[in-house]
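Pasted below: protein_33.pdb, PDB, C-alpha atoms, pLDDT in the B column.
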MODEL        1
ATOM      1  CA  MET A   1      49.690  21.790  -1.914  1.00 31.00           C
ATOM      2  CA  PRO A   2      47.835  25.094  -2.620  1.00 36.00           C
ATOM      3  CA  TRP A   3      44.083  24.878  -2.290  1.00 33.00           C
ATOM      4  CA  SER A   4      42.133  25.309  -5.532  1.00 39.00           C
ATOM      5  CA  THR A   5      38.423  25.607  -6.245  1.00 37.00           C
ATOM      6  CA  PRO A   6      36.863  22.123  -6.567  1.00 40.00           C
ATOM      7  CA  THR A   7      35.237  21.343  -9.892  1.00 48.00           C
ATOM      8  CA  THR A   8      32.571  18.995  -8.514  1.00 55.00           C
ATOM      9  CA  HIS A   9      29.183  20.390  -7.522  1.00 61.00           C
ATOM     10  CA  TRP A  10      29.163  18.953  -4.006  1.00 63.00           C
ATOM     11  CA  GLY A  11      32.791  19.983  -3.641  1.00 64.00           C
ATOM     12  CA  LEU A  12      31.926  23.615  -4.277  1.00 64.00           C
ATOM     13  CA  VAL A  13      29.337  23.655  -1.499  1.00 64.00           C
ATOM     14  CA  LEU A  14      31.549  21.818   0.943  1.00 65.00           C
ATOM     15  CA  ALA A  15      34.454  24.149   0.210  1.00 62.00           C
ATOM     16  CA  ALA A  16      32.269  27.188   0.823  1.00 60.00           C
ATOM     17  CA  ALA A  17      30.992  25.682   4.080  1.00 60.00           C
ATOM     18  CA  GLU A  18      34.457  24.799   5.374  1.00 62.00           C
ATOM     19  CA  ARG A  19      36.030  28.161   4.532  1.00 57.00           C
ATOM     20  CA  ARG A  20      33.096  30.468   5.163  1.00 56.00           C
ATOM     21  CA  SER A  21      35.076  33.676   5.711  1.00 59.00           C
ATOM     22  CA  SER A  22      37.993  33.042   3.390  1.00 65.00           C
ATOM     23  CA  PRO A  23      38.739  34.219  -0.165  1.00 69.00           C
ATOM     24  CA  GLN A  24      38.571  30.555  -1.210  1.00 65.00           C
ATOM     25  CA  ALA A  25      34.983  30.316   0.039  1.00 63.00           C
ATOM     26  CA  GLN A  26      34.087  33.402  -1.985  1.00 67.00           C
ATOM     27  CA  GLN A  27      35.718  31.836  -5.033  1.00 69.00           C
ATOM     28  CA  ALA A  28      33.847  28.567  -4.573  1.00 65.00           C
ATOM     29  CA  LEU A  29      30.558  30.399  -4.116  1.00 67.00           C
ATOM     30  CA  GLU A  30      31.113  32.468  -7.252  1.00 71.00           C
ATOM     31  CA  VAL A  31      31.765  29.351  -9.336  1.00 70.00           C
ATOM     32  CA  LEU A  32      28.597  27.793  -7.918  1.00 72.00           C
ATOM     33  CA  CYS A  33      26.664  30.961  -8.656  1.00 75.00           C
ATOM     34  CA  GLN A  34      27.936  31.235 -12.223  1.00 75.00           C
ATOM     35  CA  THR A  35      27.029  27.607 -12.885  1.00 77.00           C
ATOM     36  CA  TYR A  36      23.563  27.477 -11.332  1.00 84.00           C
ATOM     37  CA  TRP A  37      22.339  31.053 -11.467  1.00 88.00           C
ATOM     38  CA  GLN A  38      20.022  30.328 -14.396  1.00 91.00           C
ATOM     39  CA  PRO A  39      18.068  27.330 -12.982  1.00 93.00           C
ATOM     40  CA  LEU A  40      17.534  29.059  -9.632  1.00 93.00           C
ATOM     41  CA  TYR A  41      16.702  32.410 -11.211  1.00 93.00           C
ATOM     42  CA  ALA A  42      14.181  30.634 -13.457  1.00 93.00           C
ATOM     43  CA  TYR A  43      12.556  29.052 -10.412  1.00 94.00           C
ATOM     44  CA  ILE A  44      12.425  32.305  -8.437  1.00 94.00           C
ATOM     45  CA  ARG A  45      11.226  34.268 -11.473  1.00 93.00           C
ATOM     46  CA  ARG A  46       8.239  31.910 -11.705  1.00 92.00           C
ATOM     47  CA  ARG A  47       7.328  32.824  -8.147  1.00 92.00           C
ATOM     48  CA  VAL A  48       8.135  36.561  -8.226  1.00 90.00           C
ATOM     49  CA  ALA A  49       6.406  38.994 -10.553  1.00 86.00           C
ATOM     50  CA  ASP A  50       9.235  41.525 -10.748  1.00 89.00           C
ATOM     51  CA  SER A  51      12.397  40.464 -12.620  1.00 90.00           C
ATOM     52  CA  VAL A  52      14.665  42.830 -10.657  1.00 90.00           C
ATOM     53  CA  GLU A  53      13.404  41.413  -7.371  1.00 91.00           C
ATOM     54  CA  ALA A  54      13.982  37.901  -8.724  1.00 92.00           C
ATOM     55  CA  GLN A  55      17.574  38.827  -9.572  1.00 90.00           C
ATOM     56  CA  ASP A  56      18.137  40.254  -6.084  1.00 90.00           C
ATOM     57  CA  LEU A  57      16.655  37.176  -4.430  1.00 92.00           C
ATOM     58  CA  THR A  58      18.785  34.837  -6.537  1.00 90.00           C
ATOM     59  CA  GLN A  59      21.963  36.593  -5.462  1.00 86.00           C
ATOM     60  CA  ALA A  60      20.766  36.735  -1.856  1.00 87.00           C
ATOM     61  CA  PHE A  61      20.181  32.984  -1.936  1.00 87.00           C
ATOM     62  CA  PHE A  62      23.785  32.285  -2.857  1.00 81.00           C
ATOM     63  CA  THR A  63      24.895  34.579  -0.040  1.00 78.00           C
ATOM     64  CA  GLU A  64      22.658  32.573   2.303  1.00 79.00           C
ATOM     65  CA  ILE A  65      24.293  29.325   1.196  1.00 74.00           C
ATOM     66  CA  LEU A  66      27.658  30.606   2.374  1.00 65.00           C
ATOM     67  CA  ASP A  67      26.292  31.981   5.650  1.00 65.00           C
ATOM     68  CA  LYS A  68      24.264  28.992   6.823  1.00 59.00           C
ATOM     69  CA  LYS A  69      25.865  26.615   9.302  1.00 55.00           C
ATOM     70  CA  TYR A  70      23.778  23.681   8.070  1.00 51.00           C
ATOM     71  CA  LEU A  71      26.131  23.371   5.114  1.00 58.00           C
ATOM     72  CA  ARG A  72      28.657  21.827   7.473  1.00 57.00           C
ATOM     73  CA  SER A  73      26.433  18.762   7.735  1.00 55.00           C
ATOM     74  CA  VAL A  74      25.758  18.471   3.991  1.00 57.00           C
ATOM     75  CA  THR A  75      27.299  15.439   2.273  1.00 59.00           C
ATOM     76  CA  PRO A  76      26.963  13.996  -1.238  1.00 56.00           C
ATOM     77  CA  GLN A  77      25.394  10.894   0.324  1.00 57.00           C
ATOM     78  CA  ARG A  78      22.308  12.923   1.175  1.00 59.00           C
ATOM     79  CA  GLY A  79      21.082  12.704  -2.417  1.00 70.00           C
ATOM     80  CA  ARG A  80      20.893  14.635  -5.651  1.00 81.00           C
ATOM     81  CA  PHE A  81      22.557  18.018  -5.775  1.00 81.00           C
ATOM     82  CA  ARG A  82      19.677  19.259  -7.932  1.00 86.00           C
ATOM     83  CA  ALA A  83      17.176  18.496  -5.168  1.00 86.00           C
ATOM     84  CA  PHE A  84      19.443  19.935  -2.476  1.00 83.00           C
ATOM     85  CA  LEU A  85      19.666  23.325  -4.202  1.00 85.00           C
ATOM     86  CA  LEU A  86      15.933  23.505  -4.902  1.00 90.00           C
ATOM     87  CA  THR A  87      14.974  22.603  -1.320  1.00 88.00           C
ATOM     88  CA  ALA A  88      17.464  25.124   0.065  1.00 86.00           C
ATOM     89  CA  CYS A  89      16.037  27.799  -2.242  1.00 91.00           C
ATOM     90  CA  GLN A  90      12.454  27.013  -1.198  1.00 91.00           C
ATOM     91  CA  HIS A  91      13.389  27.358   2.472  1.00 88.00           C
ATOM     92  CA  PHE A  92      15.200  30.608   1.748  1.00 89.00           C
ATOM     93  CA  LEU A  93      12.165  32.124  -0.015  1.00 92.00           C
ATOM     94  CA  SER A  94       9.793  31.089   2.774  1.00 90.00           C
ATOM     95  CA  LYS A  95      11.972  32.766   5.393  1.00 87.00           C
ATOM     96  CA  HIS A  96      12.495  35.817   3.205  1.00 86.00           C
ATOM     97  CA  TRP A  97       8.780  36.421   2.761  1.00 85.00           C
ATOM     98  CA  ALA A  98       8.196  35.919   6.476  1.00 84.00           C
ATOM     99  CA  ARG A  99      10.820  38.558   7.293  1.00 81.00           C
ATOM    100  CA  ALA A 100       9.484  40.927   4.632  1.00 74.00           C
ATOM    101  CA  ARG A 101       6.340  41.511   6.658  1.00 64.00           C
ATOM    102  CA  ALA A 102       8.388  43.216   9.361  1.00 60.00           C
ATOM    103  CA  GLN A 103      11.363  44.747   7.564  1.00 62.00           C
ATOM    104  CA  LYS A 104      12.710  45.800   4.230  1.00 56.00           C
ATOM    105  CA  ARG A 105      13.888  43.176   1.768  1.00 47.00           C
ATOM    106  CA  GLY A 106      17.296  41.790   2.735  1.00 47.00           C
ATOM    107  CA  GLY A 107      16.857  42.480   6.449  1.00 48.00           C
ATOM    108  CA  GLY A 108      19.773  44.881   6.473  1.00 50.00           C
ATOM    109  CA  ARG A 109      22.222  42.138   5.559  1.00 50.00           C
ATOM    110  CA  GLN A 110      24.866  43.112   3.057  1.00 49.00           C
ATOM    111  CA  LEU A 111      24.958  40.937  -0.029  1.00 52.00           C
ATOM    112  CA  LEU A 112      28.236  39.494  -1.170  1.00 51.00           C
ATOM    113  CA  SER A 113      29.609  40.960  -4.363  1.00 54.00           C
ATOM    114  CA  LEU A 114      29.110  38.060  -6.741  1.00 54.00           C
ATOM    115  CA  ASP A 115      29.865  38.085 -10.446  1.00 57.00           C
ATOM    116  CA  CYS A 116      27.128  35.748 -11.637  1.00 59.00           C
ATOM    117  CA  ALA A 117      27.337  36.567 -15.326  1.00 47.00           C
ATOM    118  CA  ALA A 118      23.930  38.233 -15.212  1.00 48.00           C
ATOM    119  CA  ASP A 119      24.369  39.482 -18.778  1.00 47.00           C
ATOM    120  CA  LYS A 120      24.151  35.837 -19.911  1.00 47.00           C
ATOM    121  CA  ARG A 121      20.941  35.136 -17.992  1.00 52.00           C
ATOM    122  CA  ARG A 122      18.075  33.946 -20.169  1.00 55.00           C
ATOM    123  CA  GLU A 123      14.638  35.223 -19.203  1.00 55.00           C
ATOM    124  CA  PRO A 124      12.366  32.163 -18.805  1.00 53.00           C
ATOM    125  CA  LEU A 125       9.720  32.015 -21.500  1.00 53.00           C
ATOM    126  CA  ALA A 126       6.050  32.106 -20.582  1.00 57.00           C
ATOM    127  CA  SER A 127       4.564  28.607 -20.402  1.00 68.00           C
ATOM    128  CA  ASP A 128       2.381  26.416 -18.243  1.00 80.00           C
ATOM    129  CA  ARG A 129       5.381  24.827 -16.521  1.00 86.00           C
ATOM    130  CA  THR A 130       5.408  24.996 -12.747  1.00 91.00           C
ATOM    131  CA  PRO A 131       8.324  26.751 -10.984  1.00 93.00           C
ATOM    132  CA  GLU A 132       9.747  23.326 -10.125  1.00 93.00           C
ATOM    133  CA  GLN A 133       9.456  22.091 -13.710  1.00 92.00           C
ATOM    134  CA  GLU A 134      11.101  25.263 -15.014  1.00 92.00           C
ATOM    135  CA  TYR A 135      13.931  24.856 -12.503  1.00 93.00           C
ATOM    136  CA  GLU A 136      14.577  21.279 -13.590  1.00 92.00           C
ATOM    137  CA  ARG A 137      14.389  22.180 -17.284  1.00 92.00           C
ATOM    138  CA  GLN A 138      16.921  24.976 -16.826  1.00 92.00           C
ATOM    139  CA  TRP A 139      19.047  22.638 -14.715  1.00 90.00           C
ATOM    140  CA  ALA A 140      19.120  20.153 -17.602  1.00 92.00           C
ATOM    141  CA  LEU A 141      19.985  22.877 -20.113  1.00 92.00           C
ATOM    142  CA  THR A 142      22.772  24.105 -17.841  1.00 90.00           C
ATOM    143  CA  LEU A 143      24.275  20.631 -17.531  1.00 90.00           C
ATOM    144  CA  LEU A 144      24.175  20.065 -21.287  1.00 93.00           C
ATOM    145  CA  ALA A 145      25.710  23.477 -21.988  1.00 92.00           C
ATOM    146  CA  THR A 146      28.473  22.791 -19.460  1.00 89.00           C
ATOM    147  CA  VAL A 147      29.294  19.466 -21.098  1.00 93.00           C
ATOM    148  CA  LEU A 148      29.256  20.951 -24.585  1.00 95.00           C
ATOM    149  CA  GLY A 149      31.552  23.776 -23.493  1.00 94.00           C
ATOM    150  CA  HIS A 150      33.982  21.306 -21.934  1.00 94.00           C
ATOM    151  CA  LEU A 151      33.964  19.197 -25.093  1.00 97.00           C
ATOM    152  CA  GLU A 152      34.598  22.220 -27.301  1.00 97.00           C
ATOM    153  CA  ARG A 153      37.565  23.290 -25.163  1.00 97.00           C
ATOM    154  CA  GLU A 154      39.043  19.800 -25.466  1.00 97.00           C
ATOM    155  CA  TYR A 155      38.846  19.915 -29.252  1.00 97.00           C
ATOM    156  CA  ILE A 156      40.287  23.420 -29.399  1.00 97.00           C
ATOM    157  CA  GLN A 157      43.224  22.380 -27.210  1.00 97.00           C
ATOM    158  CA  GLU A 158      43.855  19.489 -29.603  1.00 97.00           C
ATOM    159  CA  GLY A 159      43.865  21.874 -32.562  1.00 97.00           C
ATOM    160  CA  LYS A 160      40.522  20.561 -33.858  1.00 96.00           C
ATOM    161  CA  ARG A 161      38.397  23.706 -33.645  1.00 97.00           C
ATOM    162  CA  GLU A 162      37.144  23.407 -37.251  1.00 97.00           C
ATOM    163  CA  LEU A 163      36.308  19.724 -36.849  1.00 97.00           C
ATOM    164  CA  PHE A 164      34.261  20.403 -33.729  1.00 97.00           C
ATOM    165  CA  ALA A 165      32.417  23.335 -35.309  1.00 96.00           C
ATOM    166  CA  THR A 166      31.575  21.203 -38.344  1.00 96.00           C
ATOM    167  CA  LEU A 167      30.409  18.145 -36.418  1.00 96.00           C
ATOM    168  CA  LYS A 168      28.592  20.000 -33.635  1.00 95.00           C
ATOM    169  CA  PRO A 169      25.296  20.227 -35.623  1.00 93.00           C
ATOM    170  CA  PHE A 170      25.350  16.433 -36.046  1.00 93.00           C
ATOM    171  CA  LEU A 171      25.855  16.017 -32.311  1.00 92.00           C
ATOM    172  CA  LEU A 172      22.921  18.281 -31.475  1.00 87.00           C
ATOM    173  CA  GLY A 173      20.621  17.069 -34.246  1.00 85.00           C
ATOM    174  CA  GLU A 174      20.722  20.464 -35.950  1.00 83.00           C
ATOM    175  CA  HIS A 175      22.308  19.464 -39.257  1.00 80.00           C
ATOM    176  CA  ALA A 176      19.046  19.939 -41.226  1.00 79.00           C
ATOM    177  CA  GLY A 177      19.797  17.406 -43.935  1.00 82.00           C
ATOM    178  CA  LEU A 178      23.526  18.110 -44.083  1.00 88.00           C
ATOM    179  CA  THR A 179      25.415  14.879 -44.808  1.00 94.00           C
ATOM    180  CA  TYR A 180      28.813  13.578 -43.787  1.00 95.00           C
ATOM    181  CA  ALA A 181      29.754  13.426 -47.455  1.00 95.00           C
ATOM    182  CA  ALA A 182      29.004  17.150 -47.839  1.00 94.00           C
ATOM    183  CA  VAL A 183      31.312  18.188 -45.005  1.00 95.00           C
ATOM    184  CA  ALA A 184      34.095  15.719 -45.763  1.00 96.00           C
ATOM    185  CA  ARG A 185      35.737  17.622 -48.603  1.00 93.00           C
ATOM    186  CA  PRO A 186      36.016  21.020 -46.836  1.00 93.00           C
ATOM    187  CA  LEU A 187      37.614  19.187 -43.912  1.00 95.00           C
ATOM    188  CA  GLY A 188      40.039  17.363 -46.184  1.00 95.00           C
ATOM    189  CA  MET A 189      38.703  14.022 -44.959  1.00 96.00           C
ATOM    190  CA  THR A 190      36.932  11.032 -46.442  1.00 97.00           C
ATOM    191  CA  GLU A 191      33.288  10.403 -45.656  1.00 96.00           C
ATOM    192  CA  ALA A 192      34.278   7.308 -43.666  1.00 97.00           C
ATOM    193  CA  ALA A 193      36.756   9.339 -41.609  1.00 97.00           C
ATOM    194  CA  VAL A 194      34.125  11.971 -40.864  1.00 97.00           C
ATOM    195  CA  LYS A 195      31.665   9.302 -39.727  1.00 96.00           C
ATOM    196  CA  MET A 196      34.309   7.856 -37.419  1.00 97.00           C
ATOM    197  CA  ALA A 197      35.134  11.328 -36.044  1.00 97.00           C
ATOM    198  CA  ALA A 198      31.443  11.997 -35.428  1.00 96.00           C
ATOM    199  CA  SER A 199      31.120   8.674 -33.612  1.00 96.00           C
ATOM    200  CA  ARG A 200      34.072   9.546 -31.378  1.00 97.00           C
ATOM    201  CA  LEU A 201      32.552  12.964 -30.684  1.00 97.00           C
ATOM    202  CA  ARG A 202      29.213  11.459 -29.629  1.00 96.00           C
ATOM    203  CA  ARG A 203      30.934   8.880 -27.439  1.00 97.00           C
ATOM    204  CA  ARG A 204      33.040  11.542 -25.707  1.00 97.00           C
ATOM    205  CA  TYR A 205      29.944  13.700 -25.232  1.00 96.00           C
ATOM    206  CA  ARG A 206      28.067  10.822 -23.581  1.00 95.00           C
ATOM    207  CA  ASN A 207      31.012  10.053 -21.302  1.00 95.00           C
ATOM    208  CA  LEU A 208      31.378  13.687 -20.258  1.00 94.00           C
ATOM    209  CA  LEU A 209      27.645  13.953 -19.606  1.00 93.00           C
ATOM    210  CA  ARG A 210      27.666  10.864 -17.402  1.00 93.00           C
ATOM    211  CA  SER A 211      30.713  12.188 -15.559  1.00 89.00           C
ATOM    212  CA  GLN A 212      29.030  15.556 -15.022  1.00 86.00           C
ATOM    213  CA  ILE A 213      25.868  13.927 -13.679  1.00 89.00           C
ATOM    214  CA  ALA A 214      27.892  11.597 -11.447  1.00 84.00           C
ATOM    215  CA  GLN A 215      29.167  14.692  -9.634  1.00 79.00           C
ATOM    216  CA  THR A 216      25.611  15.626  -8.641  1.00 81.00           C
ATOM    217  CA  VAL A 217      24.269  12.321  -7.277  1.00 80.00           C
ATOM    218  CA  ALA A 218      25.077  10.122  -4.291  1.00 74.00           C
ATOM    219  CA  GLY A 219      26.648   7.278  -6.266  1.00 78.00           C
ATOM    220  CA  PRO A 220      27.153   5.739  -9.731  1.00 83.00           C
ATOM    221  CA  GLU A 221      23.996   3.656  -9.376  1.00 85.00           C
ATOM    222  CA  ALA A 222      21.931   6.864  -9.595  1.00 86.00           C
ATOM    223  CA  VAL A 223      23.453   8.197 -12.831  1.00 90.00           C
ATOM    224  CA  ASP A 224      21.116   6.419 -15.261  1.00 93.00           C
ATOM    225  CA  ASP A 225      18.039   7.479 -13.317  1.00 92.00           C
ATOM    226  CA  GLU A 226      19.238  11.071 -13.258  1.00 90.00           C
ATOM    227  CA  LEU A 227      19.934  10.945 -16.999  1.00 92.00           C
ATOM    228  CA  ARG A 228      16.365   9.818 -17.657  1.00 93.00           C
ATOM    229  CA  HIS A 229      15.062  12.576 -15.426  1.00 91.00           C
ATOM    230  CA  LEU A 230      17.203  15.137 -17.258  1.00 90.00           C
ATOM    231  CA  PHE A 231      15.805  14.307 -20.676  1.00 90.00           C
ATOM    232  CA  THR A 232      12.268  14.065 -19.299  1.00 92.00           C
ATOM    233  CA  SER A 233      12.683  17.589 -17.940  1.00 90.00           C
ATOM    234  CA  LEU A 234      13.723  18.856 -21.371  1.00 88.00           C
ATOM    235  CA  GLY A 235      10.573  17.383 -22.915  1.00 81.00           C
ATOM    236  CA  ARG A 236       8.200  19.271 -20.630  1.00 68.00           C
TER
ENDMDL
END

Entire entry expressed as C-alpha cells:
Amino acid sequence: MPWSTPTTHWGLVLAAAERRSSPQAQQALEVLCQTYWQPLYAYIRRRVADSVEAQDLTQAFFTEILDKKYLRSVTPQRGRFRAFLLTACQHFLSKHWARARAQKRGGGRQLLSLDCAADKRREPLASDRTPEQEYERQWALTLLATVLGHLEREYIQEGKRELFATLKPFLLGEHAGLTYAAVARPLGMTEAAVKMAASRLRRRYRNLLRSQIAQTVAGPEAVDDELRHLFTSLGR
C-alpha cells in the first residue's frame, strides 16, 4: 500500500522521524508546519523583538524537528503533543541563542524550503499574556479552526453549504439575536427542522473536537482534561 501523510499529530512527527531524508518526511513536516506555525510563531514572537527574525526562527525550528535524532524515541505515550512542541521549541531557542554568540544566525545550516502559509499568519496582539500563555491560546484557536474547517468540508461534500453557512453563527455564538424562525424560511425548512439541524451540527462539532484532541494526548482518559485546558487558554 502506498505511504500517505498521516493525519494525526503524533503520526506526523513519527513519520518525519522515520523518513528523515525522504520526500515523505518533507511532506509530513510541511503539514505539521502549516498546522502549528501560528502557535509556535506566536510564542517565538513574544520572545523576539523583530518579526522577521521570529519568522526565520519558526521555520528553522521545524527544520530542526526533522533533523534531530531524538524524534526516533518520541511516542504518543510521552504526553500531550502541545507540551512536546513547546518544550522542543524552548530547547531550540536556548541552543540558537547560545550559538549566536559565536556565529551568524542559522549556523550556516540551510533551511528546508517549507510552505507554511505565512500569508495567513496572524500577528499576535499586544497583551500581558506570557509567551507560554500566548502559545497555548493560539494552539486552542488552531484546533478550533481545524475542527470548524473539517466540519464545513463535510457539509459541502453533502451538498449542504448553505445550511452550514446559515447555522455557523449559532454554533459560534455569533448570531446576535438571529432566531431559528428567521432563518427557517430562506432555507425552505420549518423552525423545528432548523433546530434539529443545529443540534446535529453542534453534536458533530463536539465529536470532531474530541477526536482532534484525542490525537494530541496519550490516551482517551486525558481528553476531558485537555478540553478544559483548551477553553481556559481561550479565556486568558

Q | Gap from atom CA of A:Ala198 to atom CA of A:Ala222 - Å, one decimal | A |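 Spanning atom CA of A:Ala198 to atom CA of A:Ala222 is a straight-line distance of 28.0 Å.
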
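Considering all atoms listed in the file, the residue among A:Leu57, A:Ala197, A:Ile44, A:Leu144 positioned nearest to A:Leu230 is A:Leu144.
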
Q. Taking all atoms listed in the file into account, which of A:Leu163, A:Leu85, A:Val223, A:Leu143 comes nearest A:Arg185?
A.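 Nearest candidate to A:Arg185 out of A:Leu163, A:Leu85, A:Val223, A:Leu143: A:Leu163.
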
Q: Check which residues satisfy the PyMOL selection byres ((chain A and resi 145) around 12) in the file shown, then give them as a PyMOL selection string.
A: chain A and resi 35-36+38+138-144+146-152+172+205+208-209+212

Q.
Report, in Å with one decimal, the straight-line distance from atom CA of A:Lys168 to atom CA of A:Leu201.
A.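 It comes out at 8.6 Å.
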
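For the structure shown here, the set of residues caught by the PyMOL selection byres ((chain A and resi 184) around 12) is Glu162, Leu163, Thr166, Leu167, Leu178, Thr179, Tyr180, Ala181, Ala182, Val183, Arg185, Pro186, Leu187, Gly188, Met189, Thr190, Glu191, Ala192, Ala193, Val194, Lys195, Met196, Ala197 and Ala198 of chain A.
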
Q.
Between atom CA of A:Gln55 and atom CA of A:Pro39, what distance in Å does the model show, to one decimal?
A. 12.0 Å

**Q.** Selection under test: the PyMOL selection byres ((chain A and resi 216-219) around 6); residues as an NGL selection string
**A.** :A and (76-77 or 79-81 or 213-215 or 220-222)

**Q.** Nearest to A:Cys33 by atom-to-atom distance, counting only C-alpha atoms, from A:Glu64, A:Glu154, A:Asp224, A:Glu174
**A.** A:Glu64

Q) Out of A:Arg203, A:Cys89, A:Glu136, A:Asp128, which residue has the shortest atom-to-atom distance to A:Ser233 when counting only C-alpha atoms? A)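 Going through A:Arg203, A:Cys89, A:Glu136, A:Asp128 one by one, the smallest distance to A:Ser233 is for A:Glu136.
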
Since the input lacks atoms, please generate all heavy atoms for stretch 56-63 of chain A and provide them as a CSV table (one decimal), in the coordinates of the input.
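Contents of result_7.csv, freshly written:
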chain,number,residue,atom,x,y,z
A,56,ASP,N,17.6,40.0,-7.4
A,56,ASP,CA,18.1,40.3,-6.1
A,56,ASP,C,18.0,39.0,-5.2
A,56,ASP,O,18.9,38.7,-4.4
A,56,ASP,CB,17.4,41.4,-5.5
A,56,ASP,CG,17.7,42.8,-6.1
A,56,ASP,OD1,18.7,42.8,-6.9
A,56,ASP,OD2,16.9,43.7,-5.9
A,57,LEU,N,16.9,38.3,-5.3
A,57,LEU,CA,16.7,37.2,-4.4
A,57,LEU,C,17.6,36.0,-4.8
A,57,LEU,O,18.1,35.3,-3.9
A,57,LEU,CB,15.2,36.7,-4.5
A,57,LEU,CG,14.2,37.6,-3.8
A,57,LEU,CD1,12.8,37.2,-4.2
A,57,LEU,CD2,14.4,37.5,-2.3
A,58,THR,N,17.9,35.9,-6.1
A,58,THR,CA,18.8,34.8,-6.5
A,58,THR,C,20.2,35.1,-6.0
A,58,THR,O,20.8,34.2,-5.4
A,58,THR,CB,18.9,34.8,-8.1
A,58,THR,OG1,17.5,34.6,-8.6
A,58,THR,CG2,19.7,33.6,-8.5
A,59,GLN,N,20.6,36.3,-6.0
A,59,GLN,CA,22.0,36.6,-5.5
A,59,GLN,C,21.9,36.4,-3.9
A,59,GLN,O,22.9,35.9,-3.4
A,59,GLN,CB,22.4,38.0,-5.8
A,59,GLN,CG,23.8,38.4,-5.2
A,59,GLN,CD,24.4,39.6,-5.9
A,59,GLN,OE1,24.2,39.8,-7.1
A,59,GLN,NE2,25.2,40.3,-5.1
A,60,ALA,N,20.9,36.9,-3.3
A,60,ALA,CA,20.8,36.7,-1.9
A,60,ALA,C,20.8,35.3,-1.4
A,60,ALA,O,21.3,34.9,-0.4
A,60,ALA,CB,19.5,37.4,-1.4
A,61,PHE,N,20.2,34.4,-2.3
A,61,PHE,CA,20.2,33.0,-1.9
A,61,PHE,C,21.6,32.4,-1.9
A,61,PHE,O,21.9,31.7,-1.0
A,61,PHE,CB,19.3,32.2,-2.9
A,61,PHE,CG,19.5,30.7,-2.8
A,61,PHE,CD1,19.0,30.0,-1.7
A,61,PHE,CD2,20.2,30.0,-3.8
A,61,PHE,CE1,19.2,28.7,-1.6
A,61,PHE,CE2,20.4,28.6,-3.7
A,61,PHE,CZ,19.9,28.0,-2.6
A,62,PHE,N,22.4,32.8,-2.9
A,62,PHE,CA,23.8,32.3,-2.9
A,62,PHE,C,24.6,32.8,-1.7
A,62,PHE,O,25.4,32.1,-1.1
A,62,PHE,CB,24.5,32.6,-4.2
A,62,PHE,CG,24.1,31.8,-5.3
A,62,PHE,CD1,23.2,32.2,-6.3
A,62,PHE,CD2,24.5,30.5,-5.4
A,62,PHE,CE1,22.8,31.4,-7.3
A,62,PHE,CE2,24.2,29.6,-6.5
A,62,PHE,CZ,23.3,30.1,-7.4
A,63,THR,N,24.3,34.0,-1.3
A,63,THR,CA,24.9,34.6,0.0
A,63,THR,C,24.5,33.8,1.2
A,63,THR,O,25.3,33.4,2.0
A,63,THR,CB,24.5,36.0,0.2
A,63,THR,OG1,24.9,36.8,-1.0
A,63,THR,CG2,25.1,36.6,1.4
